[in-house]
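A.B. asks: Please see the structure below; I have some questions.
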Amino acid sequence: MQISTKILLVLMYPLLLLARLLNLVSGRERLRLHDVSGGRSFWIDRRVQPNAISYFSEHSCSEGGAEASAARRITRLLCVIARLYKPPREVAVGIYKSSAEREQGIPDEVYTLW
Amino acid sequence: MNVTLRNPTGSTRILGISAFYHDSAAALIVDGRIVAAAQEERFSRVKHDHRFPINAVEYCLREGGISPTDLDYVGFYDKPLAKFDRLIETYVAFAPQSFRSWMMALPLWLKSKLHLQREMDLAFRNGYRGRYVFADHHESHAASAFFPSPFEEAAVLTLDGVGEWSTTTLGWGRGNRLQLTHEIRFPHSLGLLYSAFTQYIGFRVNSGEYKVMGLAPYGEPRFKRLIYEHLIYARDDGSFWMDQSYFNYCAGMTMTSEKFHRLFDGPPRKPESTLTQRDMDLAASVQAVCEEVMLNCTRHLHKLTGMRNLALAGGVALNCVGNGKILREGPFENIWIQPAAGDAGGALGVALLIWHHILAQPRTVRAGDSQAGSLLGPRFGDQEIIEFLDQAGARYHVFEKEKELVEHVSDLMVGEKVVGWFQDRMEFGPRALGARSIIGDARSTTMQAVMNLKIKFRESFRPFAPSVLNEDASEYFELHEESPYMLLVADVLEKHRRSLNGTDKALMTSDADLRKRLNIVRSNIPAVTHVDYSARVQTVDEVRNRRFYRLIRRFKEKSGCSVIVNTSFNIRGEPIVCTPQDAYRCFMGTNMDALVMENVLLLKGEQRATPVSEVESYKKAFALD
């Protein structure tokens with residue numbers, strides 16, 4: 001990993017702590033880590049169905065729900081920062097390799113969740 | 001934004017892709033017909049290869065006789081930004097414990113995963129000029145389950161580890177429409193619960209789940225209550241919630257937490273160490289929970305939809321013991337399971353979704369199904385095989401007539417020889433279905449041990465799977481449905497079972513060596529009978545399986561038995577063979593007696609001896625799974 005990326009990520013991490021605090025204060029919890037079903041079903045209705053336009057987007061209109069969360073701002077910020085890392089359009093000579101081949105030492109069980 | 005969908009005129013070519021998580025794959029459909037589908041691991045020779053499926057894409061385009069510029073649509077099997085949203089939400093919820101995971105995951109996202117369209121442009125060498133389509137992960141699974149199924153309408157259930165947010169979804173398909181109506185969201189996941197136990201019992205996540213399923217019959221589900229009381233709160237309607245304090249996958253580098261280890265009185269088992277009765281009981285317990293939740297999901301889904309048919313996909317749908325239970329005890333009259341139920345199948349799912357659901361093209365339901373026996377990969381002709389064998393200096397026999405070849409091979413099998421069977425197009429999905437298989441006589445009392453130790457180089461506690469003539473399946477197994485993709489488990493009929501003597505019974509409860517327990521002859525087809533008399537059955541018919549069917553039929557005429565052993569053509573840790581080169585290497589590097597590639601037969605006794613160093617380097621080329 002580039003040192004500049006490492007520094008950036010270290011500097012950004014306190015924002016996650018802040019976002020967690022804000023979520024705690026405002027009672028937002030998208031992961032449903034606490035059982036709030038009160039004995040009811042845990043099924044969640046998929047209220048929004050995808051339409052033709054949504055299939056051309058990398059965002060989902062059906063997944064994850066519309067609940068507010070401070071984490072969403074961090075996600076947006078990271079998407080903006082990611083533009084700095086966008087691979088150039090020029091095709092490299094030889095066999096294609098993605099810009100970030102999986103780095104060493106990442107266990108299967110967690111890589112599969114990312 | 002206004003999007004006008006192309007109105008298909010002439011041929012519409014759609015490529016589906018799954019990549020960057022595990023089991024990457026590509027699938028090509030032309031005017032709704034599945035032309036090709038393959039997993040990248042078969043070409044790259046890296047098991048569960050997660051990288052962009054550059055070789056699989058190349059193969060699919062070659063099979064379709066087209067280049068990237070000819071593609072009308074390229075579909076990706078999930079929504080990267082929705083997944084990223086879930087990832088960041090999780091890191092926030094678990095801060096500061098998530099710091100290490102954050103530092104490892106984010107560079108991949110910043111550099112690659114957040115630029116998926118650019119990555120795909122580069123992979124296509126800027127040759128694809130159309131737009132990319134992105135489907136929800138579970139929608140892709142659902143499409144892969146419903147659209148190729150033989151049902152005009154069906155309830156749809158998808159279960160896996162996780163996609164973007166969903167881990168389990170319910171829905172329905174009718175004609176060319178598909179809709180998911182309910183979901184369970186991350187981190188609550190039946191697939192991840194199973195994977196957590198897989199790791200805890202000492203197996204690798206994403207490949208060891210089969211081993212847990214195979215280990216379960218040795219144990220008693222004595223931890224089931226503990227699992228329900230602490231780990232997963234399950235409702236009668238199949239929904240569930242999981243207490244994350246027992247798990248570590250949200251923020252850590254392992255699946256289970258210290259609290260989990262305390263609950264089960266010990267740390268995870270070290271890989272490759274001796275399995276204890278406790279490990280077997282843990283496997284039996286999580287398997288029992290998994291089956292019950294699966295069954296409850298199907299009952300609830302049946303109530304919601306009132307439909308007679310069920311289509312299943314997602315990694316959990318590879319749990320063929322659970323599938324068998326759904327078939328026997330569930331409310332649906334018919335079920336169909338996508339043979340590539342894991343993430344690889346998402347490539348096919350998204351392509352079919354584009355054709356039927358997005359482009360609204362009609363769907364023709366075919367008898368059997370539209371999966372063509374899942375033989376969707378590359379095929380190699382005699383000429384190509386012979387050219388390679390000549391280069392390799394191999395000795396071989398070419399048979400002009402299939403009848404003579406089948407005659408010869410069935411003789412070998414009756415003589416308890418182990419045969420590499422390389423025919424037709426390669427299978428799409430994790431199972432060898434008679435195109436890239438190692439086969440043998442299921443009646444042999446030594447076949448299991450021989451195949452495990454001399455061919456697979458493993459000490460397995462799992463039996464091999466049987467392939468049986470479809471018309472004779474109910475003569476051997478408690479199975480009254482087709483199981484063409486080896487995704488159903490059924491019991492060997494009483495009349496074929498043998499009662500155990502006192503020594504064997506004692507061995508079953510006391511001997512720590514599971515191989516000894518497995519090797520007890522407990523039926524007329526011991527090589528494929530598990531310790532609980534269950535078997536993972538493939539029914540073979542002439543329409544789907546052609547020559548493989550005719551071989552078993554001839555074997556039956558000679559032996560009186562229509563069941564043979566069918567295991568994947570590979571050694572431990574190796575992806576199933578794809579090319580004649582792969583097959584020949586495996587044949588020469590193991591103690592296989594014969595290899596049949598299309599019309600060409602090789603006998604081991606006629607080949608030059610392989611140097612020990614070559615065999616060793618072959619065995620070491622693959623990481624143990």
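Order determines the names: the first chain of the structure tokens is A, the second B, and so forth; residues in each chain are numbered 1 upward, and ligands are numbered 1 upward as they are shown.
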Excluding stretch 67-76 of chain A and its own-chain neighbours fewer than 3 positions away, which residues fall within 8 Å of it when counting only C-alpha atoms? Please give them as a list in words.

C.D. replies: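 Residues near the query, excluding close chain neighbours: Leu15, Leu16, Ala19, Arg20, Leu22, Asn23, Arg28, Glu29, Arg30, Cys79 and Val80 of chain A; Phe84, Asp85, Ile88, Glu89 and Val92 of chain B.
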
A.B. asks: Would you write out, as a Markdown table, a table of all residues in chain B that have an atom no more than 6 Å from an atom of chain A, listing for each the closest atom pair and the distance in Å to one decimal, considering only C-alpha atoms and ordering rows by chain and rising residue number?

C.D. replies:
| residue | atom | partner | partner_atom | distance |
| --- | --- | --- | --- | --- |
| B:Val3 | CA | A:Ile53 | CA | 5.9 |
| B:Tyr21 | CA | A:Thr112 | CA | 5.1 |
| B:Lys79 | CA | A:Glu58 | CA | 4.8 |
| B:Pro80 | CA | A:Glu58 | CA | 5.7 |
| B:Leu81 | CA | A:His59 | CA | 5.1 |
| B:Ala82 | CA | A:His59 | CA | 5.3 |
| B:Glu89 | CA | A:Ala71 | CA | 5.4 |
| B:Val92 | CA | A:Leu16 | CA | 4.9 |
| B:Ala93 | CA | A:Arg20 | CA | 5.8 |
| B:Ala95 | CA | A:Leu17 | CA | 5.7 |
| B:Leu108 | CA | A:Ala100 | CA | 5.6 |
| B:Leu110 | CA | A:Ala82 | CA | 4.8 |
| B:Lys111 | CA | A:Tyr85 | CA | 5.3 |
| B:Ser112 | CA | A:Ser99 | CA | 5.5 |
| B:Leu122 | CA | A:Val91 | CA | 5.8 |
| B:Ala123 | CA | A:Tyr96 | CA | 5.7 |
| B:Arg125 | CA | A:Val91 | CA | 5.9 |
| B:Val133 | CA | A:Phe56 | CA | 4.8 |
| B:Phe134 | CA | A:Tyr55 | CA | 5.2 |
| B:Ala135 | CA | A:Tyr55 | CA | 6.0 |
| B:Trp165 | CA | A:Gly64 | CA | 5.5 |
| B:Thr181 | CA | A:Arg46 | CA | 5.1 |
| B:His182 | CA | A:Asp45 | CA | 4.6 |
| B:Glu183 | CA | A:Ile44 | CA | 5.2 |
| B:Ile184 | CA | A:Trp43 | CA | 5.6 |
| B:Val205 | CA | A:Glu109 | CA | 5.6 |
| B:Ser239 | CA | A:Phe42 | CA | 5.1 |
| B:Phe240 | CA | A:Phe42 | CA | 5.7 |

A.B. asks: Save out the residues we just selected, N, CA and C atoms, as a CSV table (one decimal), in the first residue's frame.

C.D. replies:
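This went into part.csv:
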chain,number,residue,atom,x,y,z
B,3,VAL,N,-33.3,6.7,-20.0
B,3,VAL,CA,-32.6,5.5,-20.6
B,3,VAL,C,-33.5,4.8,-21.6
B,21,TYR,N,-14.9,-11.1,-5.9
B,21,TYR,CA,-15.2,-11.6,-4.5
B,21,TYR,C,-14.7,-13.0,-4.4
B,79,LYS,N,-24.0,-4.7,-7.2
B,79,LYS,CA,-24.0,-3.3,-7.2
B,79,LYS,C,-22.8,-2.8,-6.3
B,80,PRO,N,-21.7,-2.5,-6.9
B,80,PRO,CA,-20.5,-2.2,-6.0
B,80,PRO,C,-20.8,-1.0,-5.0
B,81,LEU,N,-21.5,0.0,-5.4
B,81,LEU,CA,-21.7,1.1,-4.5
B,81,LEU,C,-22.6,0.8,-3.3
B,82,ALA,N,-23.5,-0.1,-3.6
B,82,ALA,CA,-24.4,-0.6,-2.5
B,82,ALA,C,-23.6,-1.4,-1.5
B,89,GLU,N,-20.7,1.5,6.5
B,89,GLU,CA,-21.7,1.4,7.6
B,89,GLU,C,-21.2,0.5,8.7
B,92,VAL,N,-18.2,1.9,10.6
B,92,VAL,CA,-18.6,2.9,11.5
B,92,VAL,C,-19.3,2.3,12.7
B,93,ALA,N,-20.1,1.3,12.5
B,93,ALA,CA,-20.8,0.6,13.6
B,93,ALA,C,-19.8,-0.1,14.6
B,95,ALA,N,-16.5,0.8,14.9
B,95,ALA,CA,-15.3,1.6,15.3
B,95,ALA,C,-15.2,1.6,16.8
B,108,LEU,N,-8.2,-1.4,-1.7
B,108,LEU,CA,-8.8,-2.2,-2.8
B,108,LEU,C,-9.9,-1.4,-3.4
B,110,LEU,N,-10.5,1.9,-3.1
B,110,LEU,CA,-10.1,3.2,-3.7
B,110,LEU,C,-9.5,3.0,-5.1
B,111,LYS,N,-8.7,2.0,-5.2
B,111,LYS,CA,-7.9,1.8,-6.4
B,111,LYS,C,-8.7,1.0,-7.5
B,112,SER,N,-9.6,0.2,-7.1
B,112,SER,CA,-10.2,-0.8,-8.1
B,112,SER,C,-11.7,-0.9,-8.0
B,122,LEU,N,-11.0,-1.6,-19.4
B,122,LEU,CA,-9.6,-2.0,-19.6
B,122,LEU,C,-9.5,-3.5,-19.9
B,123,ALA,N,-10.3,-4.3,-19.2
B,123,ALA,CA,-10.3,-5.7,-19.4
B,123,ALA,C,-10.7,-6.0,-20.8
B,125,ARG,N,-10.2,-4.1,-23.2
B,125,ARG,CA,-9.2,-3.3,-24.0
B,125,ARG,C,-10.0,-2.2,-24.8
B,133,VAL,N,-24.6,-2.9,-17.2
B,133,VAL,CA,-25.8,-3.1,-16.4
B,133,VAL,C,-25.4,-3.7,-15.1
B,134,PHE,N,-26.0,-3.2,-14.0
B,134,PHE,CA,-25.7,-3.8,-12.7
B,134,PHE,C,-26.9,-4.3,-12.0
B,135,ALA,N,-26.9,-5.5,-11.6
B,135,ALA,CA,-28.1,-6.1,-10.9
B,135,ALA,C,-27.7,-6.3,-9.4
B,165,TRP,N,-26.3,-5.9,0.7
B,165,TRP,CA,-26.9,-5.9,2.1
B,165,TRP,C,-27.6,-7.2,2.4
B,181,THR,N,-39.4,-9.9,-2.8
B,181,THR,CA,-40.3,-9.1,-2.0
B,181,THR,C,-39.8,-8.9,-0.5
B,182,HIS,N,-39.0,-9.9,0.0
B,182,HIS,CA,-38.6,-9.8,1.4
B,182,HIS,C,-37.1,-10.2,1.5
B,183,GLU,N,-36.5,-9.7,2.5
B,183,GLU,CA,-35.1,-10.0,2.7
B,183,GLU,C,-34.7,-10.0,4.2
B,184,ILE,N,-33.5,-10.6,4.4
B,184,ILE,CA,-32.8,-10.5,5.7
B,184,ILE,C,-31.5,-9.8,5.3
B,205,VAL,N,-13.0,-21.3,4.9
B,205,VAL,CA,-14.2,-20.6,4.5
B,205,VAL,C,-14.3,-20.6,3.0
B,239,SER,N,-37.4,-16.4,9.3
B,239,SER,CA,-36.5,-15.2,9.5
B,239,SER,C,-35.7,-15.4,10.8
B,240,PHE,N,-34.6,-14.6,10.8
B,240,PHE,CA,-33.7,-14.8,11.9
B,240,PHE,C,-32.9,-13.6,12.2

A.B. asks: Could you tell me how far atom CA of B:His22 sits from atom CA of B:Gln423, in Å to one decimal place?

C.D. replies: 26.9 Å

A.B. asks: Using only C-alpha atoms, which of B:Val531, B:Asp625, B:Tyr485, B:Glu407 sits nearest B:Leu551?

C.D. replies: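 Smallest separation from B:Leu551 among the options: B:Glu407.
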
A.B. asks: Write out as a list in words the residues lying within 8 Å of stretch 278-287 of chain B, counting only C-alpha atoms and excluding same-chain residues fewer than 4 positions away.

C.D. replies: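 Final neighbour list, sorted by chain and number: Tyr194, Phe197, Ile201, Val212, Met213, Leu215, Ala216, Pro217, Tyr218, Gly219, Glu220, Pro221, Arg222, Phe223, Lys224, Ile227 and Glu291 of chain B.
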
A.B. asks: Please produce an output containing C-alpha atoms for each residue in the selection, written as a PDB file, in the first residue's frame.

C.D. replies:
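Wrote selection.pdb, looks like this:
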ATOM      1  CA  TYR B 194     -22.327 -21.801   8.551  1.00  0.00           C
ATOM      2  CA  PHE B 197     -18.613 -22.903  12.164  1.00  0.00           C
ATOM      3  CA  ILE B 201     -14.066 -26.569  13.054  1.00  0.00           C
ATOM      4  CA  VAL B 212     -18.812 -29.579   7.513  1.00  0.00           C
ATOM      5  CA  MET B 213     -21.831 -31.006   5.725  1.00  0.00           C
ATOM      6  CA  LEU B 215     -18.791 -34.386   8.806  1.00  0.00           C
ATOM      7  CA  ALA B 216     -22.256 -33.820  10.258  1.00  0.00           C
ATOM      8  CA  PRO B 217     -23.484 -37.441   9.941  1.00  0.00           C
ATOM      9  CA  TYR B 218     -20.738 -38.551  12.331  1.00  0.00           C
ATOM     10  CA  GLY B 219     -22.026 -36.323  15.102  1.00  0.00           C
ATOM     11  CA  GLU B 220     -25.005 -35.632  17.299  1.00  0.00           C
ATOM     12  CA  PRO B 221     -26.574 -32.174  17.190  1.00  0.00           C
ATOM     13  CA  ARG B 222     -26.068 -31.650  20.906  1.00  0.00           C
ATOM     14  CA  PHE B 223     -25.123 -27.975  20.472  1.00  0.00           C
ATOM     15  CA  LYS B 224     -28.241 -27.092  18.505  1.00  0.00           C
ATOM     16  CA  ILE B 227     -26.870 -22.163  18.897  1.00  0.00           C
ATOM     17  CA  GLU B 291     -31.728 -27.312   7.565  1.00  0.00           C
TER      18      GLU B 291
END

A.B. asks: Write out as a JSON list (two decimals) with N, CA and C atoms, in the first residue's frame all residues of stretch 179-376 of chain B that DSSP puts in strand (DSSP E) for this structure's backbone.

C.D. replies:
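So the final result, stored in selection35.json, reads:
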[["chain", "number", "residue", "atom", "x", "y", "z"],
["B", 179, "GLN", "N", -39.46, -10.92, -9.17],
["B", 179, "GLN", "CA", -39.54, -9.89, -8.13],
["B", 179, "GLN", "C", -39.15, -10.47, -6.77],
["B", 180, "LEU", "N", -38.27, -9.76, -6.10],
["B", 180, "LEU", "CA", -37.91, -10.14, -4.74],
["B", 180, "LEU", "C", -38.72, -9.27, -3.79],
["B", 181, "THR", "N", -39.36, -9.88, -2.81],
["B", 181, "THR", "CA", -40.30, -9.13, -1.98],
["B", 181, "THR", "C", -39.83, -8.95, -0.53],
["B", 182, "HIS", "N", -39.04, -9.88, -0.03],
["B", 182, "HIS", "CA", -38.60, -9.81, 1.37],
["B", 182, "HIS", "C", -37.12, -10.16, 1.47],
["B", 183, "GLU", "N", -36.51, -9.67, 2.55],
["B", 183, "GLU", "CA", -35.07, -9.95, 2.71],
["B", 183, "GLU", "C", -34.67, -9.98, 4.18],
["B", 184, "ILE", "N", -33.54, -10.62, 4.44],
["B", 184, "ILE", "CA", -32.81, -10.49, 5.71],
["B", 184, "ILE", "C", -31.52, -9.79, 5.33],
["B", 185, "ARG", "N", -31.09, -8.84, 6.17],
["B", 185, "ARG", "CA", -29.90, -8.06, 5.82],
["B", 185, "ARG", "C", -28.69, -8.41, 6.66],
["B", 232, "ILE", "N", -28.28, -17.49, 17.08],
["B", 232, "ILE", "CA", -29.27, -17.14, 16.05],
["B", 232, "ILE", "C", -30.68, -17.26, 16.64],
["B", 233, "TYR", "N", -31.41, -16.17, 16.59],
["B", 233, "TYR", "CA", -32.78, -16.19, 17.08],
["B", 233, "TYR", "C", -33.66, -16.39, 15.85],
["B", 234, "ALA", "N", -34.22, -17.57, 15.73],
["B", 234, "ALA", "CA", -34.96, -17.92, 14.52],
["B", 234, "ALA", "C", -36.45, -17.96, 14.80],
["B", 240, "PHE", "N", -34.60, -14.63, 10.84],
["B", 240, "PHE", "CA", -33.67, -14.82, 11.95],
["B", 240, "PHE", "C", -32.86, -13.55, 12.19],
["B", 241, "TRP", "N", -32.26, -13.53, 13.38],
["B", 241, "TRP", "CA", -31.39, -12.42, 13.79],
["B", 241, "TRP", "C", -30.21, -13.04, 14.53],
["B", 242, "MET", "N", -29.02, -12.49, 14.31],
["B", 242, "MET", "CA", -27.85, -13.11, 14.93],
["B", 242, "MET", "C", -27.16, -12.14, 15.88],
["B", 309, "ASN", "N", -44.09, -24.55, -7.17],
["B", 309, "ASN", "CA", -42.69, -24.80, -7.54],
["B", 309, "ASN", "C", -41.75, -23.85, -6.78],
["B", 310, "LEU", "N", -40.55, -24.34, -6.55],
["B", 310, "LEU", "CA", -39.55, -23.53, -5.85],
["B", 310, "LEU", "C", -38.25, -23.52, -6.66],
["B", 311, "ALA", "N", -37.68, -22.32, -6.84],
["B", 311, "ALA", "CA", -36.36, -22.19, -7.47],
["B", 311, "ALA", "C", -35.39, -21.67, -6.41],
["B", 312, "LEU", "N", -34.24, -22.28, -6.33],
["B", 312, "LEU", "CA", -33.27, -21.98, -5.26],
["B", 312, "LEU", "C", -31.90, -21.60, -5.83],
["B", 313, "ALA", "N", -31.26, -20.64, -5.20],
["B", 313, "ALA", "CA", -29.86, -20.33, -5.55],
["B", 313, "ALA", "C", -29.19, -19.63, -4.37],
["B", 334, "ASN", "N", -42.34, -29.26, -6.51],
["B", 334, "ASN", "CA", -41.14, -29.39, -7.34],
["B", 334, "ASN", "C", -40.11, -28.36, -6.92],
["B", 335, "ILE", "N", -38.84, -28.73, -6.97],
["B", 335, "ILE", "CA", -37.81, -27.72, -6.75],
["B", 335, "ILE", "C", -36.76, -27.82, -7.85],
["B", 336, "TRP", "N", -36.17, -26.69, -8.16],
["B", 336, "TRP", "CA", -35.06, -26.66, -9.12],
["B", 336, "TRP", "C", -33.98, -25.76, -8.53],
["B", 337, "ILE", "N", -32.76, -26.28, -8.55],
["B", 337, "ILE", "CA", -31.65, -25.54, -7.94],
["B", 337, "ILE", "C", -30.63, -25.23, -9.03]]

A.B. asks: Applying 8 Å and only C-alpha atoms, which residues near B:Leu603 remain after dropping the ones on its own chain fewer than 2 positions away? List them as number ranges by chain.

C.D. replies: B: 395-396, 593-595, 601, 605-607
